[in-house]
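Chemist: Next up is a structure, given as structure tokens.
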Amino acid sequence: MSELTSTRIRTTSAKLGLHHLAESLNQYIQRADEAKMGYLDLLDVVLSEELAVRDDRRFRNGLRTSKLPHHKTLEDYDFSFQPELDPRKIKDLATLSFIEDKANVALLGPPGVGKTHIAVALAVAACRAGYSIYFTSLDDMVRSLKAAEEHGRLMSKLTSYLRPSVLVVDEVGYQPLERAEANLVFQVISKRYEKGSIILTSNKTFGEWGQVFGDEVLATAILDRLLHHCEVVPINGNSYRLKNRLQAIARDTDVA
């Protein structure tokens, strides 16, 4: 292939947004020569790798804008430490069919059992599959909505919680809300109902949500929409953080 032709192909590839092809043209030519590829085989390799590069770039960009606190996966989760939690149930959720169905997932249990880990792992899997993700704690979401309401930008801020395919709401119940704050949460839940999925974690049973939201009627309205299409996953085991702390203390004691 002449240098003029190579330059023209690189320029055209860049204009078409095929940046990987533009950067790797010589390597493709060498691979094709060494493997004696036919034209269609070479074209298949070029397009497949370009798609893989784009998917990886989209995935990394999605993770960056998701505000996830970490990027742990289900492979990192120690199911053996939570024997009452059936791994098959979580792996079924990881197929992401609940997102297709615009359904929700509620992970309930005491602090430290890995609720946030599983929520994030499902979000990472969803991001890799091409879904848009946004992560927030309930307190941060309420704080942002209140500030937006005070400055006359509530609808604009609500949109940021309604736009993603999956909204992850962490730590529901750690701080009780005032009724006006609970009403803001209701608006998010109500407007996402059957339009997008929510993954939430809570250290409170649903029976305690009246106390969390400061109003039994409002809590019932939130639960009505949230639970209509929802997979509830109770996790009632021991705390990972406490386990790690106890192991550290044991090591220190042995050293001493």
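Labels for the structure tokens follow display order: chains A, B, ..., residues from 1 in each chain, ligands from 1.
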Please build the interface table for segment 169-226 of chain A against segment 117-121 of chain A with a cut-off of 9 Å, listing for each qualifying residue the nearest atom pair and the distance in Å to one decimal; count only C-alpha atoms, order rows by chain and increasing number, and write it as a tab-separated table.

Modeler:
residue	atom	partner	partner_atom	distance
A:Val169	CA	A:Ala119	CA	8.9
A:Asp170	CA	A:Ala119	CA	8.3
A:Ile199	CA	A:Ala119	CA	6.4
A:Leu200	CA	A:Ala119	CA	7.2
A:Thr201	CA	A:Ala119	CA	7.4

Chemist: Under the rule of at most 10 Å, produce a per-residue listing of segment 158-203 of chain A near segment 212-235 of chain A: chain, number, name, the closest pair of atoms, and the distance in Å, as a tab-separated table, using only C-alpha atoms.

Modeler:
residue	atom	partner	partner_atom	distance
A:Val172	CA	A:Val212	CA	8.1
A:Gly173	CA	A:Val212	CA	5.4
A:Tyr174	CA	A:Val212	CA	8.1
A:Gln175	CA	A:Val212	CA	7.0
A:Pro176	CA	A:Val212	CA	4.4
A:Leu177	CA	A:Phe213	CA	5.1
A:Glu178	CA	A:Gly214	CA	5.7
A:Arg179	CA	A:Gly214	CA	5.5
A:Ala180	CA	A:Gly214	CA	9.2
A:Glu181	CA	A:Phe213	CA	8.0
A:Ala182	CA	A:Phe213	CA	5.3
A:Asn183	CA	A:Leu218	CA	7.4
A:Val185	CA	A:Ile222	CA	8.1
A:Phe186	CA	A:Ile222	CA	5.6
A:Gln187	CA	A:Ile222	CA	8.9
A:Val188	CA	A:Ile222	CA	9.5
A:Ile189	CA	A:Ile222	CA	6.6
A:Ser190	CA	A:Arg225	CA	6.5
A:Lys191	CA	A:Arg225	CA	9.6
A:Arg192	CA	A:Arg225	CA	9.1
A:Tyr193	CA	A:Arg225	CA	6.2
A:Glu194	CA	A:His229	CA	8.1
A:Ser197	CA	A:Cys230	CA	9.2
A:Ile198	CA	A:Leu226	CA	8.2
A:Ile199	CA	A:Cys230	CA	9.3
A:Leu200	CA	A:Val232	CA	9.8
A:Thr201	CA	A:Val233	CA	9.5
A:Ser202	CA	A:Pro234	CA	9.8
A:Asn203	CA	A:Ile235	CA	9.7

Chemist: Please produce a file of the residues just selected, as a PDB file, in the first residue's frame, where the atoms kept are N, CA and C atoms.

Modeler:
ATOM      1  N   VAL A 172     -30.673   4.655  52.600  1.00  0.00           N
ATOM      2  CA  VAL A 172     -32.026   5.103  52.954  1.00  0.00           C
ATOM      3  C   VAL A 172     -32.291   4.739  54.409  1.00  0.00           C
ATOM      4  N   GLY A 173     -32.589   5.716  55.239  1.00  0.00           N
ATOM      5  CA  GLY A 173     -32.938   5.444  56.628  1.00  0.00           C
ATOM      6  C   GLY A 173     -31.888   5.810  57.638  1.00  0.00           C
ATOM      7  N   TYR A 174     -30.715   6.236  57.198  1.00  0.00           N
ATOM      8  CA  TYR A 174     -29.664   6.578  58.157  1.00  0.00           C
ATOM      9  C   TYR A 174     -29.966   7.890  58.875  1.00  0.00           C
ATOM     10  N   GLN A 175     -30.693   8.778  58.195  1.00  0.00           N
ATOM     11  CA  GLN A 175     -31.109  10.029  58.811  1.00  0.00           C
ATOM     12  C   GLN A 175     -32.600  10.237  58.537  1.00  0.00           C
ATOM     13  N   PRO A 176     -33.405  10.544  59.568  1.00  0.00           N
ATOM     14  CA  PRO A 176     -34.825  10.810  59.320  1.00  0.00           C
ATOM     15  C   PRO A 176     -34.996  12.099  58.530  1.00  0.00           C
ATOM     16  N   LEU A 177     -36.054  12.157  57.736  1.00  0.00           N
ATOM     17  CA  LEU A 177     -36.318  13.315  56.895  1.00  0.00           C
ATOM     18  C   LEU A 177     -37.513  14.099  57.416  1.00  0.00           C
ATOM     19  N   GLU A 178     -37.514  15.388  57.122  1.00  0.00           N
ATOM     20  CA  GLU A 178     -38.708  16.190  57.359  1.00  0.00           C
ATOM     21  C   GLU A 178     -39.701  15.918  56.236  1.00  0.00           C
ATOM     22  N   ARG A 179     -40.962  16.280  56.472  1.00  0.00           N
ATOM     23  CA  ARG A 179     -41.991  15.940  55.486  1.00  0.00           C
ATOM     24  C   ARG A 179     -41.709  16.588  54.133  1.00  0.00           C
ATOM     25  N   ALA A 180     -41.245  17.842  54.129  1.00  0.00           N
ATOM     26  CA  ALA A 180     -40.940  18.515  52.863  1.00  0.00           C
ATOM     27  C   ALA A 180     -39.821  17.803  52.124  1.00  0.00           C
ATOM     28  N   GLU A 181     -38.848  17.299  52.873  1.00  0.00           N
ATOM     29  CA  GLU A 181     -37.749  16.551  52.255  1.00  0.00           C
ATOM     30  C   GLU A 181     -38.253  15.221  51.699  1.00  0.00           C
ATOM     31  N   ALA A 182     -39.123  14.565  52.450  1.00  0.00           N
ATOM     32  CA  ALA A 182     -39.694  13.298  51.995  1.00  0.00           C
ATOM     33  C   ALA A 182     -40.521  13.496  50.728  1.00  0.00           C
ATOM     34  N   ASN A 183     -41.167  14.637  50.624  1.00  0.00           N
ATOM     35  CA  ASN A 183     -41.962  14.922  49.433  1.00  0.00           C
ATOM     36  C   ASN A 183     -41.077  15.027  48.193  1.00  0.00           C
ATOM     37  N   VAL A 185     -38.331  13.322  47.769  1.00  0.00           N
ATOM     38  CA  VAL A 185     -38.002  11.931  47.448  1.00  0.00           C
ATOM     39  C   VAL A 185     -39.180  11.290  46.709  1.00  0.00           C
ATOM     40  N   PHE A 186     -40.387  11.568  47.185  1.00  0.00           N
ATOM     41  CA  PHE A 186     -41.581  11.026  46.533  1.00  0.00           C
ATOM     42  C   PHE A 186     -41.640  11.457  45.068  1.00  0.00           C
ATOM     43  N   GLN A 187     -41.269  12.689  44.787  1.00  0.00           N
ATOM     44  CA  GLN A 187     -41.310  13.171  43.398  1.00  0.00           C
ATOM     45  C   GLN A 187     -40.359  12.365  42.516  1.00  0.00           C
ATOM     46  N   VAL A 188     -39.190  12.067  43.041  1.00  0.00           N
ATOM     47  CA  VAL A 188     -38.232  11.269  42.265  1.00  0.00           C
ATOM     48  C   VAL A 188     -38.782   9.860  42.030  1.00  0.00           C
ATOM     49  N   ILE A 189     -39.247   9.221  43.094  1.00  0.00           N
ATOM     50  CA  ILE A 189     -39.765   7.844  42.986  1.00  0.00           C
ATOM     51  C   ILE A 189     -40.970   7.806  42.058  1.00  0.00           C
ATOM     52  N   SER A 190     -41.862   8.755  42.225  1.00  0.00           N
ATOM     53  CA  SER A 190     -43.093   8.781  41.441  1.00  0.00           C
ATOM     54  C   SER A 190     -42.810   8.999  39.960  1.00  0.00           C
ATOM     55  N   LYS A 191     -41.908   9.926  39.655  1.00  0.00           N
ATOM     56  CA  LYS A 191     -41.634  10.250  38.251  1.00  0.00           C
ATOM     57  C   LYS A 191     -40.813   9.153  37.564  1.00  0.00           C
ATOM     58  N   ARG A 192     -40.068   8.370  38.334  1.00  0.00           N
ATOM     59  CA  ARG A 192     -39.316   7.264  37.748  1.00  0.00           C
ATOM     60  C   ARG A 192     -40.169   5.994  37.631  1.00  0.00           C
ATOM     61  N   TYR A 193     -41.324   5.969  38.260  1.00  0.00           N
ATOM     62  CA  TYR A 193     -42.169   4.778  38.308  1.00  0.00           C
ATOM     63  C   TYR A 193     -42.473   4.266  36.900  1.00  0.00           C
ATOM     64  N   GLU A 194     -42.060   3.030  36.631  1.00  0.00           N
ATOM     65  CA  GLU A 194     -42.249   2.335  35.364  1.00  0.00           C
ATOM     66  C   GLU A 194     -41.574   3.043  34.187  1.00  0.00           C
ATOM     67  N   SER A 197     -35.220   2.250  36.380  1.00  0.00           N
ATOM     68  CA  SER A 197     -34.986   1.397  37.551  1.00  0.00           C
ATOM     69  C   SER A 197     -34.295   2.149  38.680  1.00  0.00           C
ATOM     70  N   ILE A 198     -34.578   1.696  39.897  1.00  0.00           N
ATOM     71  CA  ILE A 198     -33.916   2.197  41.096  1.00  0.00           C
ATOM     72  C   ILE A 198     -33.304   1.009  41.829  1.00  0.00           C
ATOM     73  N   ILE A 199     -32.060   1.161  42.232  1.00  0.00           N
ATOM     74  CA  ILE A 199     -31.431   0.208  43.157  1.00  0.00           C
ATOM     75  C   ILE A 199     -31.196   0.978  44.445  1.00  0.00           C
ATOM     76  N   LEU A 200     -31.770   0.510  45.543  1.00  0.00           N
ATOM     77  CA  LEU A 200     -31.572   1.237  46.797  1.00  0.00           C
ATOM     78  C   LEU A 200     -31.084   0.302  47.886  1.00  0.00           C
ATOM     79  N   THR A 201     -30.403   0.894  48.859  1.00  0.00           N
ATOM     80  CA  THR A 201     -29.987   0.149  50.043  1.00  0.00           C
ATOM     81  C   THR A 201     -30.577   0.837  51.266  1.00  0.00           C
ATOM     82  N   SER A 202     -30.955   0.036  52.249  1.00  0.00           N
ATOM     83  CA  SER A 202     -31.534   0.601  53.467  1.00  0.00           C
ATOM     84  C   SER A 202     -31.237  -0.286  54.662  1.00  0.00           C
ATOM     85  N   ASN A 203     -30.997   0.359  55.793  1.00  0.00           N
ATOM     86  CA  ASN A 203     -30.805  -0.388  57.036  1.00  0.00           C
ATOM     87  C   ASN A 203     -32.101  -0.479  57.825  1.00  0.00           C
TER      88      ASN A 203
END

Chemist: Could you give me, as CSV, every segment 42-142 of chain A residue with an atom at most 10 Å from segment 27-34 of chain A, plus its closest atom pair and distance in Å to one decimal, counting only C-alpha atoms, rows ordered by chain then number?

Modeler:
residue,atom,partner,partner_atom,distance
A:Leu42,CA,A:Ala32,CA,6.4
A:Leu43,CA,A:Tyr28,CA,9.8
A:Val45,CA,A:Tyr28,CA,8.6
A:Val46,CA,A:Tyr28,CA,7.5

Chemist: I want to know what sits within 12 Å of Thr73 of chain A, based on only C-alpha atoms, with residues of the same chain fewer than 6 positions away left out; could you give that as a PyMOL selection string?

Modeler: chain A and resi 90-91+94+114+116-128

Chemist: Limited to N, CA, C and O atoms, could you put the picked residues into a file as a short mmCIF file (atom, residue, chain, number, x, y, z; two decimals), in the first residue's frame?

Modeler:
data_model
loop_
_atom_site.label_atom_id
_atom_site.label_comp_id
_atom_site.auth_asym_id
_atom_site.auth_seq_id
_atom_site.Cartn_x
_atom_site.Cartn_y
_atom_site.Cartn_z
N ILE A 90 -28.65 -13.05 43.40
CA ILE A 90 -27.89 -11.88 42.98
C ILE A 90 -27.42 -12.05 41.55
O ILE A 90 -27.44 -11.09 40.75
N LYS A 91 -27.01 -13.24 41.18
CA LYS A 91 -26.56 -13.48 39.81
C LYS A 91 -27.70 -13.36 38.82
O LYS A 91 -27.50 -12.93 37.67
N ALA A 94 -27.98 -9.84 38.15
CA ALA A 94 -26.87 -9.39 37.31
C ALA A 94 -27.13 -9.64 35.82
O ALA A 94 -26.38 -9.11 34.98
N GLY A 114 -22.69 -5.51 53.16
CA GLY A 114 -22.35 -5.53 51.74
C GLY A 114 -23.45 -5.06 50.82
O GLY A 114 -23.41 -5.35 49.61
N THR A 116 -24.19 -1.95 49.81
CA THR A 116 -23.67 -0.99 48.84
C THR A 116 -22.78 -1.68 47.81
O THR A 116 -22.80 -1.35 46.62
N HIS A 117 -21.99 -2.66 48.27
CA HIS A 117 -21.13 -3.41 47.35
C HIS A 117 -21.97 -4.05 46.24
O HIS A 117 -21.65 -3.92 45.05
N ILE A 118 -23.05 -4.73 46.62
CA ILE A 118 -23.89 -5.39 45.62
C ILE A 118 -24.56 -4.36 44.72
O ILE A 118 -24.64 -4.54 43.50
N ALA A 119 -25.05 -3.27 45.31
CA ALA A 119 -25.69 -2.22 44.51
C ALA A 119 -24.72 -1.66 43.47
O ALA A 119 -25.08 -1.49 42.30
N VAL A 120 -23.49 -1.38 43.89
CA VAL A 120 -22.49 -0.85 42.98
C VAL A 120 -22.13 -1.89 41.92
O VAL A 120 -21.99 -1.56 40.73
N ALA A 121 -21.99 -3.15 42.33
CA ALA A 121 -21.64 -4.22 41.37
C ALA A 121 -22.70 -4.35 40.29
O ALA A 121 -22.37 -4.51 39.10
N LEU A 122 -23.97 -4.27 40.67
CA LEU A 122 -25.05 -4.32 39.68
C LEU A 122 -24.99 -3.10 38.77
O LEU A 122 -25.23 -3.20 37.55
N ALA A 123 -24.66 -1.95 39.34
CA ALA A 123 -24.55 -0.73 38.55
C ALA A 123 -23.39 -0.81 37.56
O ALA A 123 -23.50 -0.38 36.41
N VAL A 124 -22.26 -1.35 37.99
CA VAL A 124 -21.11 -1.52 37.10
C VAL A 124 -21.47 -2.45 35.95
O VAL A 124 -21.14 -2.18 34.78
N ALA A 125 -22.16 -3.54 36.26
CA ALA A 125 -22.59 -4.48 35.21
C ALA A 125 -23.53 -3.79 34.23
O ALA A 125 -23.45 -3.98 33.01
N ALA A 126 -24.43 -2.97 34.76
CA ALA A 126 -25.37 -2.24 33.91
C ALA A 126 -24.64 -1.24 33.02
O ALA A 126 -24.96 -1.07 31.83
N CYS A 127 -23.66 -0.57 33.60
CA CYS A 127 -22.87 0.39 32.82
C CYS A 127 -22.14 -0.30 31.69
O CYS A 127 -22.10 0.20 30.56
N ARG A 128 -21.56 -1.45 31.97
CA ARG A 128 -20.85 -2.20 30.93
C ARG A 128 -21.81 -2.64 29.83
O ARG A 128 -21.42 -2.73 28.65
#

Chemist: Residues at most 10 Å from Pro83 of chain A, counting only C-alpha atoms, excluding those fewer than 4 positions away in the same chain, as a list of chain:residue names?

Modeler: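 Neighbouring residues, sequence-local ones excluded: A:Asp78, A:Phe79, A:Pro87, A:Ile235, A:Asn236, A:Gly237, A:Asn238.
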
Chemist: Dump all heavy atoms for the selected residues as an mmCIF file, in the first residue's frame?

Modeler:
data_model
loop_
_atom_site.group_PDB
_atom_site.id
_atom_site.type_symbol
_atom_site.label_atom_id
_atom_site.label_comp_id
_atom_site.auth_asym_id
_atom_site.auth_seq_id
_atom_site.Cartn_x
_atom_site.Cartn_y
_atom_site.Cartn_z
ATOM 1 N N ASP A 78 -17.825 -11.560 48.953
ATOM 2 C CA ASP A 78 -17.620 -12.825 49.660
ATOM 3 C C ASP A 78 -18.969 -13.398 50.100
ATOM 4 O O ASP A 78 -19.438 -13.135 51.206
ATOM 5 C CB ASP A 78 -16.706 -12.600 50.865
ATOM 6 C CG ASP A 78 -16.358 -13.906 51.583
ATOM 7 O OD1 ASP A 78 -16.750 -14.985 51.084
ATOM 8 O OD2 ASP A 78 -15.693 -13.834 52.640
ATOM 9 N N PHE A 79 -19.579 -14.179 49.216
ATOM 10 C CA PHE A 79 -20.879 -14.772 49.535
ATOM 11 C C PHE A 79 -20.770 -15.774 50.682
ATOM 12 O O PHE A 79 -21.758 -16.006 51.396
ATOM 13 C CB PHE A 79 -21.466 -15.462 48.304
ATOM 14 C CG PHE A 79 -22.030 -14.509 47.284
ATOM 15 C CD1 PHE A 79 -21.279 -14.118 46.185
ATOM 16 C CD2 PHE A 79 -23.302 -13.986 47.425
ATOM 17 C CE1 PHE A 79 -21.790 -13.241 45.248
ATOM 18 C CE2 PHE A 79 -23.830 -13.111 46.490
ATOM 19 C CZ PHE A 79 -23.064 -12.733 45.402
ATOM 20 N N PRO A 87 -26.508 -16.771 46.405
ATOM 21 C CA PRO A 87 -25.779 -16.129 45.300
ATOM 22 C C PRO A 87 -26.542 -16.163 43.987
ATOM 23 O O PRO A 87 -26.402 -15.266 43.156
ATOM 24 C CB PRO A 87 -24.485 -16.953 45.195
ATOM 25 C CG PRO A 87 -24.339 -17.617 46.525
ATOM 26 C CD PRO A 87 -25.735 -17.862 47.009
ATOM 27 N N ILE A 235 -30.488 -8.958 53.596
ATOM 28 C CA ILE A 235 -29.161 -9.483 53.939
ATOM 29 C C ILE A 235 -29.010 -9.325 55.450
ATOM 30 O O ILE A 235 -28.840 -8.207 55.946
ATOM 31 C CB ILE A 235 -28.035 -8.729 53.205
ATOM 32 C CG1 ILE A 235 -28.314 -8.674 51.700
ATOM 33 C CG2 ILE A 235 -26.684 -9.400 53.457
ATOM 34 C CD1 ILE A 235 -27.317 -7.838 50.922
ATOM 35 N N ASN A 236 -29.073 -10.408 56.168
ATOM 36 C CA ASN A 236 -29.132 -10.333 57.627
ATOM 37 C C ASN A 236 -27.923 -10.951 58.312
ATOM 38 O O ASN A 236 -28.002 -11.410 59.448
ATOM 39 C CB ASN A 236 -30.417 -11.022 58.125
ATOM 40 C CG ASN A 236 -31.664 -10.337 57.588
ATOM 41 O OD1 ASN A 236 -31.799 -9.119 57.686
ATOM 42 N ND2 ASN A 236 -32.576 -11.111 57.008
ATOM 43 N N GLY A 237 -26.795 -10.965 57.631
ATOM 44 C CA GLY A 237 -25.606 -11.591 58.197
ATOM 45 C C GLY A 237 -24.764 -10.642 59.025
ATOM 46 O O GLY A 237 -25.228 -9.596 59.493
ATOM 47 N N ASN A 238 -23.507 -11.025 59.190
ATOM 48 C CA ASN A 238 -22.568 -10.236 59.985
ATOM 49 C C ASN A 238 -21.938 -9.119 59.156
ATOM 50 O O ASN A 238 -21.994 -9.122 57.934
ATOM 51 C CB ASN A 238 -21.469 -11.153 60.546
ATOM 52 C CG ASN A 238 -22.025 -12.206 61.479
ATOM 53 O OD1 ASN A 238 -22.859 -11.914 62.331
ATOM 54 N ND2 ASN A 238 -21.583 -13.446 61.312
#
